[in-house]
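K.L.:
I'm passing along coords35.cif; it holds mmCIF, C-alpha atoms.
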data_data
loop_
_atom_site.label_atom_id
_atom_site.label_comp_id
_atom_site.auth_asym_id
_atom_site.auth_seq_id
_atom_site.Cartn_x
_atom_site.Cartn_y
_atom_site.Cartn_z
CA MET P 1 136.48 134.53 27.78
CA ASN P 2 140.09 134.64 28.98
CA PRO P 3 142.08 131.57 27.81
CA GLU P 4 145.37 132.88 29.24
CA SER P 5 144.45 133.28 32.90
CA LYS P 6 146.90 131.66 35.31
CA ALA P 7 144.01 129.85 36.98
CA GLY P 8 142.69 128.31 33.77
CA ILE P 9 140.05 129.10 31.16
CA GLN P 10 137.88 131.84 32.65
CA SER P 11 134.51 132.72 31.21
CA THR P 12 131.06 133.71 32.37
CA PRO P 13 129.31 131.83 33.93
CA PHE P 14 132.00 129.19 34.60
CA ASN P 15 135.72 128.76 35.06
CA LEU P 16 137.57 125.70 33.77
CA SER P 17 140.85 125.06 35.56
CA ASP P 18 143.88 123.43 33.95
CA ARG P 19 143.43 120.46 36.24
CA SER P 20 139.81 120.09 35.10
CA LEU P 21 141.01 120.11 31.48
CA ALA P 22 143.63 117.45 32.25
CA ARG P 23 141.06 115.34 34.09
CA ILE P 24 138.67 115.54 31.15
CA GLY P 25 141.64 114.74 28.89
CA TRP P 26 142.12 111.28 30.40
CA LEU P 27 138.66 110.41 31.75
CA LEU P 28 136.77 111.23 28.54
CA PRO P 29 138.83 108.96 26.20
CA LEU P 30 138.90 106.20 28.82
CA VAL P 31 135.10 106.24 29.19
CA THR P 32 134.62 106.67 25.42
CA VAL P 33 136.79 103.73 24.38
CA THR P 34 135.50 101.48 27.17
CA CYS P 35 131.85 102.21 26.33
CA SER P 36 132.22 102.00 22.54
CA MET P 37 134.13 98.71 22.74
CA GLY P 38 131.65 97.36 25.29
CA VAL P 39 128.64 98.24 23.13
CA HIS P 40 130.39 96.84 20.05
CA LEU P 41 130.99 93.55 21.84
CA ILE P 42 127.63 93.21 23.59
CA SER P 43 125.67 94.14 20.45
CA GLY P 44 127.25 91.21 18.58
CA ASN P 45 128.93 93.45 15.99
CA ALA P 46 132.45 92.37 16.92
CA ARG P 47 134.11 90.09 14.36
CA ASP P 48 136.24 88.34 16.95
CA VAL P 49 137.91 88.92 20.30
CA PRO P 50 140.26 90.68 20.76
CA PHE P 51 139.71 93.44 18.19
CA PHE P 52 141.36 96.77 17.48
CA ILE P 53 139.94 99.80 19.31
CA SER P 54 138.99 101.45 16.01
CA GLU P 55 136.83 98.48 15.06
CA SER P 56 134.32 99.74 17.63
CA ASP P 57 133.79 102.80 15.39
CA TYR P 58 131.05 100.68 13.80
CA PRO P 59 127.71 101.96 12.43
CA GLY P 60 125.32 102.27 15.36
CA ILE P 61 125.40 103.51 18.94
CA GLU P 62 129.09 102.62 19.30
CA ARG P 63 130.01 104.98 16.46
CA TRP P 64 128.17 107.87 18.08
CA ILE P 65 130.01 107.22 21.35
CA PHE P 66 133.39 106.76 19.64
CA THR P 67 133.16 109.81 17.37
CA THR P 68 131.70 112.25 19.89
CA GLY P 69 133.98 111.29 22.76
CA LEU P 70 137.25 111.28 20.81
CA ALA P 71 136.44 114.45 18.87
CA LEU P 72 135.81 116.30 22.14
CA THR P 73 139.01 114.81 23.59
CA GLY P 74 140.97 116.17 20.61
CA VAL P 75 139.63 119.66 21.27
CA VAL P 76 140.51 119.40 24.98
CA LEU P 77 144.09 118.32 24.12
CA CYS P 78 144.51 121.31 21.83
CA ILE P 79 143.29 123.68 24.54
CA LEU P 80 145.52 122.03 27.15
CA SER P 81 148.56 122.28 24.84
CA TYR P 82 147.83 125.99 24.38
CA ARG P 83 147.50 126.42 28.15
CA PHE P 84 150.86 124.72 28.74
CA ARG P 85 152.48 127.09 26.26
CA ASN P 86 151.45 129.96 28.52
CA MET P 87 152.08 128.15 31.78
CA PHE P 88 155.71 127.25 30.96
CA ASP P 89 156.59 130.29 28.86
CA THR P 90 160.23 130.71 29.94
CA SER P 91 163.39 131.07 27.88
CA GLU P 92 165.02 128.14 29.71
CA GLN P 93 162.37 125.72 28.44
CA ILE P 94 161.70 127.17 24.98
CA THR P 95 162.79 124.06 23.02
CA LYS P 96 160.87 121.61 25.19
CA LEU P 97 157.89 123.96 25.13
CA ARG P 98 157.85 124.15 21.33
CA ILE P 99 158.02 120.38 21.03
CA SER P 100 155.27 119.94 23.63
CA HIS P 101 152.99 122.54 22.05
CA THR P 102 153.49 121.34 18.47
CA SER P 103 153.07 117.64 19.29
CA GLY P 104 150.09 118.36 21.54
CA MET P 105 148.28 120.35 18.86
CA THR P 106 149.15 117.71 16.25
CA THR P 107 147.81 114.94 18.48
CA GLY P 108 144.61 116.83 19.24
CA ILE P 109 143.87 117.72 15.61
CA SER P 110 144.72 114.18 14.46
CA LEU P 111 142.39 112.75 17.11
CA VAL P 112 139.52 114.87 15.76
CA VAL P 113 140.28 113.60 12.24
CA LEU P 114 140.48 110.00 13.48
CA ALA P 115 137.16 110.38 15.30
CA PHE P 116 135.33 111.20 12.07
CA ALA P 117 137.43 109.16 9.59
CA ASN P 118 136.29 105.67 10.55
CA MET P 119 138.37 102.71 9.37
CA TYR P 120 135.50 101.13 7.44
CA ASP P 121 135.02 104.05 5.02
CA TYR P 122 138.31 105.98 5.18
CA LEU P 123 140.94 103.34 5.94
CA VAL P 124 144.03 105.17 4.63
CA LEU P 125 143.16 108.49 6.29
CA HIS P 126 142.27 106.63 9.49
CA CYS P 127 145.63 104.81 9.55
CA VAL P 128 147.57 108.03 8.95
CA ALA P 129 145.61 109.82 11.68
CA SER P 130 146.23 106.89 14.06
CA ILE P 131 149.99 107.14 13.55
CA PHE P 132 149.91 110.86 14.35
CA VAL P 133 147.67 110.29 17.38
CA PHE P 134 149.79 107.55 18.95
CA GLY P 135 153.17 108.88 17.84
CA GLY P 136 152.26 112.46 18.64
CA GLY P 137 150.82 111.39 21.98
CA LEU P 138 154.10 109.73 22.93
CA ILE P 139 156.12 112.81 21.96
CA TRP P 140 153.70 115.14 23.71
CA GLY P 141 153.70 113.05 26.89
CA SER P 142 157.52 112.83 26.94
CA SER P 143 158.16 116.52 26.22
CA THR P 144 155.50 117.65 28.71
CA HIS P 145 157.06 115.32 31.29
CA PHE P 146 160.29 117.31 31.07
CA LEU P 147 158.45 120.62 31.44
CA PHE P 148 157.44 119.64 34.97
CA ASP P 149 160.87 120.10 36.54
CA ILE P 150 159.44 120.60 40.02
CA THR P 151 156.83 117.93 40.47
CA ARG P 152 155.55 115.27 42.80
CA LYS P 153 157.86 112.26 42.79
CA ALA P 154 154.88 109.90 42.69
CA ALA P 155 153.40 111.74 39.69
CA LYS P 156 156.73 111.66 37.87
CA LYS P 157 157.09 107.91 38.51
CA LEU P 158 153.54 107.31 37.34
CA ARG P 159 154.22 109.28 34.16
CA ARG P 160 157.36 107.26 33.48
CA VAL P 161 155.40 104.03 33.90
CA GLY P 162 152.72 105.31 31.52
CA LEU P 163 155.24 106.40 28.89
CA VAL P 164 157.13 103.09 29.05
CA MET P 165 153.87 101.16 28.72
CA ALA P 166 152.80 103.31 25.76
CA LEU P 167 156.15 103.02 24.00
CA PHE P 168 156.29 99.26 24.53
CA GLY P 169 152.75 98.82 23.21
CA PHE P 170 153.45 101.06 20.21
CA VAL P 171 156.62 99.17 19.22
CA ILE P 172 155.15 95.69 19.78
CA MET P 173 151.91 96.45 17.93
CA ASN P 174 153.64 97.79 14.83
CA LEU P 175 156.45 95.22 14.87
CA ILE P 176 154.03 92.28 15.05
CA ILE P 177 151.89 93.61 12.20
CA VAL P 178 154.84 94.45 9.94
CA LEU P 179 156.55 91.09 10.47
CA TYR P 180 153.35 89.11 9.96
CA VAL P 181 152.47 90.91 6.73
CA ALA P 182 156.06 90.66 5.47
CA PHE P 183 156.24 86.90 5.97
CA ASN P 184 152.68 86.13 4.85
CA ARG P 185 152.20 88.63 2.03
CA SER P 186 151.65 85.96 -0.63
CA ASN P 187 148.92 84.29 1.43
CA LEU P 188 146.92 87.45 2.15
CA THR P 189 143.95 88.56 0.07
CA GLN P 190 144.63 91.84 -1.75
CA ASN P 191 141.17 92.88 -2.95
CA GLY P 192 138.80 91.43 -0.37
CA SER P 193 136.54 93.47 1.90
CA LEU P 194 138.04 95.06 5.00
CA GLN P 195 136.04 92.68 7.18
CA PHE P 196 137.48 89.67 5.33
CA ARG P 197 141.05 91.02 5.49
CA LEU P 198 140.71 91.64 9.23
CA ASP P 199 139.53 88.06 9.66
CA GLU P 200 142.63 86.92 7.79
CA LEU P 201 144.79 89.02 10.10
CA GLN P 202 143.13 87.77 13.28
CA PRO P 203 146.11 85.56 14.24
CA VAL P 204 148.27 88.70 14.46
CA ILE P 205 145.44 90.83 15.88
CA ASP P 206 145.30 88.39 18.79
CA PHE P 207 148.66 89.89 19.86
CA ALA P 208 148.59 93.34 18.22
CA ALA P 209 145.24 94.37 19.75
CA PRO P 210 146.37 93.79 23.39
CA ALA P 211 149.52 95.78 22.55
CA GLU P 212 147.27 98.60 21.33
CA TYR P 213 145.30 98.43 24.59
CA LEU P 214 148.59 98.73 26.48
CA LEU P 215 149.57 101.73 24.35
CA PHE P 216 146.22 103.42 24.97
CA LEU P 217 146.32 102.71 28.71
CA GLY P 218 149.88 104.05 28.91
CA LEU P 219 148.80 107.36 27.36
CA ILE P 220 145.83 107.53 29.74
CA ILE P 221 148.15 107.00 32.73
CA THR P 222 150.46 109.71 31.41
CA MET P 223 147.60 112.19 31.21
CA ALA P 224 146.34 111.15 34.66
CA SER P 225 149.78 111.89 36.13
CA ILE P 226 149.66 115.39 34.61
CA ASP P 227 146.26 115.85 36.28
CA TRP P 228 147.92 114.89 39.55
CA ASP P 229 150.72 117.42 39.01
CA LEU P 230 148.30 120.22 38.19
CA LYS P 231 146.52 119.64 41.49
CA GLU P 232 149.42 121.34 43.29
CA ASN P 233 149.46 124.17 40.76
CA GLU P 234 145.73 124.73 41.31
CA ALA P 235 146.19 124.67 45.09
CA SER P 236 148.98 127.24 44.94
CA HIS P 237 146.81 129.66 42.93
CA SER P 238 143.87 129.24 45.29
CA SER P 239 146.08 130.06 48.29
CA ASP P 240 147.43 133.27 46.68
#
Once you've parsed the file, please lay out its structure as structure tokens.
P.N.:
Amino acid sequence: MNPESKAGIQSTPFNLSDRSLARIGWLLPLVTVTCSMGVHLISGNARDVPFFISESDYPGIERWIFTTGLALTGVVLCILSYRFRNMFDTSEQITKLRISHTSGMTTGISLVVLAFANMYDYLVLHCVASIFVFGGGLIWGSSTHFLFDITRKAAKKLRRVGLVMALFGFVIMNLIIVLYVAFNRSNLTQNGSLQFRLDELQPVIDFAAPAEYLLFLGLIITMASIDWDLKENEASHSSD
């Protein structure tokens, strides 16, 4: 196996291009989250609607979908971050490259942890991993955006839209939750089950969950725009 080939990951009997990795990087989490949330809703396991994405990591088929899909996505992000380190290895971009590589690896590893640390059994670890996934994803998307100096204008615009959507969703989601808890702390149950506490928080989840969907979709759009950019890179190598 040669993970440092200019054309992508090369191994017998298959070759995996950088564009293929990027495509997997946005299609796999999109399909995973859509399917796990759909199964969670249709099976009748959902507490209420809307619900947080991580609530679909519920015992049953939805957990298998959620855990497998996001764990594989985390591995793909780590590989893609490593590939970018080799692709943009120039002294002019060393700072941006370090930020992109570090945040990409952090996001990928955190996503693997989040995939296995479900919120029902490992709430604290799950919350910490979620912060690193979303925060790291924003940093990785932004720093990688600046690595593509020569890029399609449409791809760059799409990436900007995705990053703005993700940042807006991230800020709104956290701001709503923090303000609600701060002003209603005395009325919230401290020692109840997670299911009961989520029910209590449903008035804020009604707004925070859609913000999380916007954050997730923004990161997916960002990755899709990178896929679009890598199409030209793949074409240039095939023509050489």
K.L.:
When you count only C-alpha atoms, which of these residues is closest to Leu147 in chain P: P:Ala22, P:Ile220, P:Leu16, P:Leu97?
P.N.:
P:Leu97
K.L.:
Can you write out as JSON lines which residues of range 143-209 of chain P fall within 10 Å of range 108-124 of chain P, alongside each residue's closest atom pair and its distance in Å to one decimal, counting all atoms listed in the file and ordering rows by chain and ascending residue number?
P.N.:
{"residue": "P:Ser193", "atom": "CA", "partner": "P:Tyr120", "partner_atom": "CA", "distance": 9.5}
{"residue": "P:Leu194", "atom": "CA", "partner": "P:Tyr120", "partner_atom": "CA", "distance": 7.0}
{"residue": "P:Gln195", "atom": "CA", "partner": "P:Tyr120", "partner_atom": "CA", "distance": 8.5}
K.L.:
For Ile172 in chain P, list every protein, DNA or RNA residue within 9 Å, evaluated using only C-alpha atoms, and leave out those in the same chain fewer than 6 positions away; present the list as a list in words.
P.N.:
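Near neighbours after the sequence-gap exclusion: Phe207, Ala208, Ala211 and Glu212 of chain P.
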K.L.:
What does the distance between CA of Ser54 in chain P and CA of Gly25 in chain P come to in Å, to one decimal place?
P.N.:
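CA of Ser54 in chain P sits 18.7 Å away from CA of Gly25 in chain P.
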K.L.:
P:Leu230, P:Leu175, P:Ala71, P:Met223: which is nearest Val204 in chain P, counting only C-alpha atoms?
P.N.:
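Of all the options, P:Leu175 lies closest to Val204 in chain P.
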K.L.:
State, in Å with one decimal place, the distance from CA of Ser56 in chain P to CA of Ser186 in chain P.
P.N.:
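Rounded to one decimal, the two atoms are 28.7 Å apart.
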K.L.:
Name the residues that the PyMOL selection byres ((chain P and resi 79-84) around 10) pulls out of this structure, and write them as number ranges by chain.
P.N.:
P: 3-6, 8-9, 18-22, 25, 73-78, 85-89, 97, 100-108, 140, 144, 147
K.L.:
What separation in Å, quoted to one decimal, exists between CA of Phe216 in chain P and CA of Phe183 in chain P?
P.N.:
27.1 Å
K.L.:
Determine the residue set returned by the PyMOL selection byres ((chain P and resi 34) around 12) for the present structure, and present it as a short mmCIF file (atom, residue, chain, number, x, y, z; two decimals) with C-alpha atoms, in the frame of the given file.
P.N.:
data_model
loop_
_atom_site.label_atom_id
_atom_site.label_comp_id
_atom_site.auth_asym_id
_atom_site.auth_seq_id
_atom_site.Cartn_x
_atom_site.Cartn_y
_atom_site.Cartn_z
CA LEU P 27 138.66 110.41 31.75
CA LEU P 28 136.77 111.23 28.54
CA PRO P 29 138.83 108.96 26.20
CA LEU P 30 138.90 106.20 28.82
CA VAL P 31 135.10 106.24 29.19
CA THR P 32 134.62 106.67 25.42
CA VAL P 33 136.79 103.73 24.38
CA CYS P 35 131.85 102.21 26.33
CA SER P 36 132.22 102.00 22.54
CA MET P 37 134.13 98.71 22.74
CA GLY P 38 131.65 97.36 25.29
CA VAL P 39 128.64 98.24 23.13
CA HIS P 40 130.39 96.84 20.05
CA LEU P 41 130.99 93.55 21.84
CA ILE P 42 127.63 93.21 23.59
CA ILE P 53 139.94 99.80 19.31
CA SER P 54 138.99 101.45 16.01
CA SER P 56 134.32 99.74 17.63
CA ASP P 57 133.79 102.80 15.39
CA GLU P 62 129.09 102.62 19.30
CA ILE P 65 130.01 107.22 21.35
CA PHE P 66 133.39 106.76 19.64
CA GLY P 69 133.98 111.29 22.76
CA LEU P 70 137.25 111.28 20.81
CA TYR P 213 145.30 98.43 24.59
CA PHE P 216 146.22 103.42 24.97
CA LEU P 217 146.32 102.71 28.71
#
K.L.:
So which one's closest to Arg159 in chain P, P:Phe146, P:Phe134, P:Tyr58, P:Phe52? Using only C-alpha atoms, please.
P.N.:
P:Phe146
K.L.:
Looking at P:Leu179, P:Leu125, P:Leu138, P:Met173, which one is nearest to Ala209 in chain P, with distances taken over only C-alpha atoms?
P.N.:
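The closest residue to Ala209 in chain P is P:Met173.
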K.L.:
Would you kindly translate the PyMOL selection byres ((chain P and resi 163) around 12) into the concrete residues it picks from this file, as JSON, numbers by chain?
P.N.:
{"P": [134, 135, 137, 138, 139, 140, 141, 142, 143, 144, 145, 156, 157, 158, 159, 160, 161, 162, 164, 165, 166, 167, 168, 169, 170, 214, 215, 216, 217, 218, 219, 220, 221, 222, 223, 224, 225]}
